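J.: Here it is, the structure, as structure tokens.
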Amino acid sequence: MYSRLVSETLFTPPNTGCNVLQHKELERQFSPSQWSHRMSADDVIKSHVTALKEGTERARGLAQTLLNVPYGEGEGEKLDVYVPTTTSLDVPLVIYLHGGYWQFLSKEESGFMAVPLVHKGVVVVAVGYDIAPKGNMDVMVSQVRRSVVSVIQQYSHISGLYLCGHSAGAHLAAMILSTDWSQYSVTPQIKGAFLVSGIYDLLPILSTYVNEPLKMTEEVALRNSPSQLVPQLKLSSSNCDIVVAVAQNDSPEFRKQSEDYYKALESTEGLKVTLEDVPNTDHFNIIEQLVDGDYHLTQLLLKMMGKS
């Protein structure tokens with residue numbers, strides 16, 4: 001289960017090129033639960049899953065829901081749609097991509113952010129994808145890209161398309177922004193993206209426990225690292241307002257990943273990007289709090305959509 005992320009049984013894979021101490025520190029840097037100041041590593045994971053599930057249950061009680069809408073033929077290629085009760089034609093849509101290190105969680109815990117948004121006339125779509133070991137990195141990236149194409153085709157009347165992803169989901173959202181859409185039937189015009197506590201360079205995790213079920217090679221990691229794809233992002237998403245958000249109590253390596261990706265985007269002419277360093281948050285409650293309409297990131301998202 002998700003608690004595997006907090007395992008303190010650190011192993012040393014063969015041929016990593018680093019000593020045991022270096023490897024243990026690398027594993028610690030990529031164990032987000034080790035860095036929460038609120039509770040123990042095991043407890044913060046349990047609390048996180050509970051918060052997401054409860055928020056999603058609330059959202060399903062508040063909104064009209066269309067569950068398990070297919071966007072492809074695969075068993076895991078399904079969407080959950082949270083629809084506001086509004087007669088307005090000015091309806092923005094947010095696609096949410098869940099975290100869980102590409103190997104845990106699902107769309108079943110991913111509707112929580114609809115709680116404050118449906119009241120404002122915003123459609124929220126939670127995307128399911130085949131987590132590892134069933135899905136590999138190439139499969140997951142392909143799936144989320146196709147999910148966006150499907151949403152555009154099914155909801156062509158929306159006033160604006162926005163992305164939000166957390167952790168592994170922020171990586172997948174950044175990969176969507178870096179898509180060469182000439183290979184697809186449509187070119188989505190994504191107006192805004194919230195990338196929350198993400199990983200944008202996959203190379204450092206190759207020798208960690210995170211890669212055990214993913215089994216990425218260096219080649220796979222490189223072609224699926226948003227940090228390597230900034231030129232393509234500029235071509236595909238130059239009109240997108242990008243927010244890179246990181247928690248105050250994310251690990252130094254997670255914070256570095258966000259800061260480095262922000263700098264790469266910010267130094268690219270023509271891109272609109274801001275860095276949000278969110279105080280008094282860790283890797284988990286930085287996203288959990290999107291259930292609250294008064295939360296800083298919720299307010300930023302509503303403002304971006306003209307719904308504040």
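Residues in the structure tokens are numbered from 1 in each chain, the chains being A, B, ... in the order shown, and ligands are numbered from 1 in the order shown.
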Taking only C-alpha atoms into account, produce a table as JSON lines in which each residue of region 55-160 of chain A with an atom at most 10 Å from an atom of region 291-299 of chain A appears once, together with its shortest atom pair and the distance in Å to one decimal, ordered by chain and rising number.
T.:
{"residue": "A:Gly55", "atom": "CA", "partner": "A:Val291", "partner_atom": "CA", "distance": 6.4}
{"residue": "A:Thr56", "atom": "CA", "partner": "A:Val291", "partner_atom": "CA", "distance": 9.0}
{"residue": "A:Arg58", "atom": "CA", "partner": "A:Val291", "partner_atom": "CA", "distance": 9.3}
{"residue": "A:Ala59", "atom": "CA", "partner": "A:Val291", "partner_atom": "CA", "distance": 9.0}
{"residue": "A:Gly111", "atom": "CA", "partner": "A:Val291", "partner_atom": "CA", "distance": 9.2}
{"residue": "A:Phe112", "atom": "CA", "partner": "A:Val291", "partner_atom": "CA", "distance": 5.7}
{"residue": "A:Met113", "atom": "CA", "partner": "A:Val291", "partner_atom": "CA", "distance": 4.9}
{"residue": "A:Ala114", "atom": "CA", "partner": "A:Val291", "partner_atom": "CA", "distance": 7.2}
{"residue": "A:Val115", "atom": "CA", "partner": "A:Val291", "partner_atom": "CA", "distance": 5.7}
{"residue": "A:Pro116", "atom": "CA", "partner": "A:Gly293", "partner_atom": "CA", "distance": 4.9}
{"residue": "A:Leu117", "atom": "CA", "partner": "A:Gly293", "partner_atom": "CA", "distance": 7.6}
{"residue": "A:His119", "atom": "CA", "partner": "A:Gly293", "partner_atom": "CA", "distance": 9.5}
{"residue": "A:Lys120", "atom": "CA", "partner": "A:Gly293", "partner_atom": "CA", "distance": 9.7}
J.: Would you put the residues from that selection into a file with C-alpha atoms, as a JSON list (two decimals), in the first residue's frame?
T.:
[["chain", "number", "residue", "atom", "x", "y", "z"],
["A", 55, "GLY", "CA", -13.05, 15.04, 0.46],
["A", 56, "THR", "CA", -14.00, 12.94, -2.56],
["A", 58, "ARG", "CA", -18.11, 15.14, 0.05],
["A", 59, "ALA", "CA", -17.68, 16.16, -3.57],
["A", 111, "GLY", "CA", -12.50, 14.33, -6.47],
["A", 112, "PHE", "CA", -11.82, 16.31, -3.29],
["A", 113, "MET", "CA", -10.87, 19.58, -5.00],
["A", 114, "ALA", "CA", -14.35, 19.70, -6.56],
["A", 115, "VAL", "CA", -15.82, 20.63, -3.15],
["A", 116, "PRO", "CA", -15.13, 24.40, -3.43],
["A", 117, "LEU", "CA", -15.00, 24.53, -7.24],
["A", 119, "HIS", "CA", -20.01, 25.99, -6.14],
["A", 120, "LYS", "CA", -18.21, 28.43, -8.45]]
J.: Select from region 250-296 of chain A every residue with an atom at most 8 Å from any atom of region 36-46 of chain A, then for each give the shortest pair of atoms and their distance in Å to one decimal, using only C-alpha atoms, rows by chain and rising number, as a Markdown table.
T.:
| residue | atom | partner | partner_atom | distance |
| --- | --- | --- | --- | --- |
| A:Asp250 | CA | A:Ser36 | CA | 7.6 |
| A:Asp282 | CA | A:Ser36 | CA | 5.6 |
| A:His283 | CA | A:Ser36 | CA | 7.4 |
| A:Phe284 | CA | A:Val44 | CA | 7.7 |
J.: Using only C-alpha atoms for the distances, tell me which of A:Glu109, A:Glu266, A:Glu288, A:Asp138 is nearest to Met216 (chain A).
T.: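 Residue with the minimum atom-to-atom distance to Met216 (chain A): A:Asp138.
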J.: DSSP on the backbone: what in region 105-137 of chain A comes out alpha helix (DSSP H), as an MDAnalysis selection string?
T.: chainID A and resid 114:117 137
J.: Now that the selection is made, can you save its residues with N, CA, C and O atoms as an mmCIF file, in the first residue's frame?
T.:
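The resulting file, result.cif, is reproduced below:
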data_model
loop_
_atom_site.group_PDB
_atom_site.id
_atom_site.type_symbol
_atom_site.label_atom_id
_atom_site.label_comp_id
_atom_site.auth_asym_id
_atom_site.auth_seq_id
_atom_site.Cartn_x
_atom_site.Cartn_y
_atom_site.Cartn_z
ATOM 1 N N ALA A 114 -13.069 19.238 -6.009
ATOM 2 C CA ALA A 114 -14.350 19.698 -6.563
ATOM 3 C C ALA A 114 -15.219 20.364 -5.506
ATOM 4 O O ALA A 114 -16.131 21.131 -5.846
ATOM 5 N N VAL A 115 -14.953 20.099 -4.226
ATOM 6 C CA VAL A 115 -15.818 20.628 -3.153
ATOM 7 C C VAL A 115 -15.999 22.139 -3.259
ATOM 8 O O VAL A 115 -17.128 22.624 -3.325
ATOM 9 N N PRO A 116 -14.917 22.954 -3.303
ATOM 10 C CA PRO A 116 -15.127 24.400 -3.434
ATOM 11 C C PRO A 116 -15.363 24.860 -4.869
ATOM 12 O O PRO A 116 -15.904 25.941 -5.096
ATOM 13 N N LEU A 117 -14.963 24.058 -5.854
ATOM 14 C CA LEU A 117 -15.001 24.528 -7.239
ATOM 15 C C LEU A 117 -16.382 24.405 -7.879
ATOM 16 O O LEU A 117 -16.776 25.274 -8.664
ATOM 17 N N MET A 137 6.008 3.942 -17.178
ATOM 18 C CA MET A 137 6.001 5.396 -17.311
ATOM 19 C C MET A 137 5.503 5.843 -18.685
ATOM 20 O O MET A 137 4.712 6.785 -18.796
#
J.: Pick from A:Leu172, A:Val151, A:Ala51, A:Val127: nearest to Leu202 (chain A), with only C-alpha atoms counted?
T.: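 Smallest separation from Leu202 (chain A) among the options: A:Leu172.
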J.: Please determine, counting only C-alpha atoms, which residue among A:Leu93, A:Val122, A:Val278, A:Ile287 has the shortest atom-to-atom distance to Leu163 (chain A).
T.: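 Closest residue, counting only C-alpha atoms: A:Leu93.
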J.: Got a sec: who's within 10 Å of Glu253 (chain A), counting only C-alpha atoms, leaving out chain neighbours fewer than 2 positions off, as a short mmCIF file (atom, residue, chain, number, x, y, z; two decimals) with C-alpha atoms, in the first residue's frame?
T.:
data_model
loop_
_atom_site.label_atom_id
_atom_site.label_comp_id
_atom_site.auth_asym_id
_atom_site.auth_seq_id
_atom_site.Cartn_x
_atom_site.Cartn_y
_atom_site.Cartn_z
CA LEU A 26 18.84 9.82 -1.40
CA ARG A 28 15.25 9.82 2.62
CA GLN A 29 15.09 12.82 0.28
CA PHE A 30 12.54 10.99 -1.88
CA PRO A 32 8.06 12.75 1.50
CA ILE A 199 9.15 15.64 -9.72
CA PRO A 204 17.66 10.80 -9.37
CA ASP A 250 8.86 19.28 1.31
CA SER A 251 12.29 17.64 1.40
CA ARG A 255 12.06 21.69 -3.23
CA LYS A 256 15.09 21.72 -5.54
CA GLN A 257 13.12 19.87 -8.22
CA SER A 258 10.40 22.54 -8.17
CA GLU A 259 12.84 25.44 -7.99
#
J.: Which residue out of A:Val244, A:Val69, A:Val118, A:Val149 has the minimum interatomic distance to Lys307 (chain A) when only C-alpha atoms are used?
T.: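 Of the candidates, the smallest distance to Lys307 (chain A) is held by A:Val118.
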J.: Can you work out the spacing between CA of Leu229 (chain A) and CA of Ser142 (chain A) in Å, to one decimal?
T.: 15.3 Å
J.: With only C-alpha atoms as the basis for distance, which of A:Gln232, A:Thr281, A:Ser225, A:Gln289 is at the shortest distance from Ala168 (chain A)?
T.: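 Once distances to Ala168 (chain A) are computed over only C-alpha atoms, the minimum belongs to A:Ser225.
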J.: Do you know which residues are at most 9 Å from Gly76 (chain A) counting only C-alpha atoms, after dropping those on the same chain fewer than 5 positions away, and could you put them as an MDAnalysis selection string?
T.: chainID A and resid 70 128:131
J.: Within region 64-305 of chain A, find each residue whose DSSP state, derived from the backbone, is strand (DSSP E or B), and express the selection as an MDAnalysis selection string.
T.: chainID A and resid 64:70 78:83 92:97 123:127 160:166 190:196 241:247 272:278
J.: Contacts of Met305 (chain A) at 10 Å or less, counting only C-alpha atoms, minus same-chain residues fewer than 4 places along, as a list in words?
T.: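 After dropping sequence-adjacent residues, the list is Val91, Pro92, Leu93, Val94, Val122, Ser159, Gly160, Leu161, Tyr162, Lys191, Gly192, Gln299, Leu300 and Leu301 of chain A.
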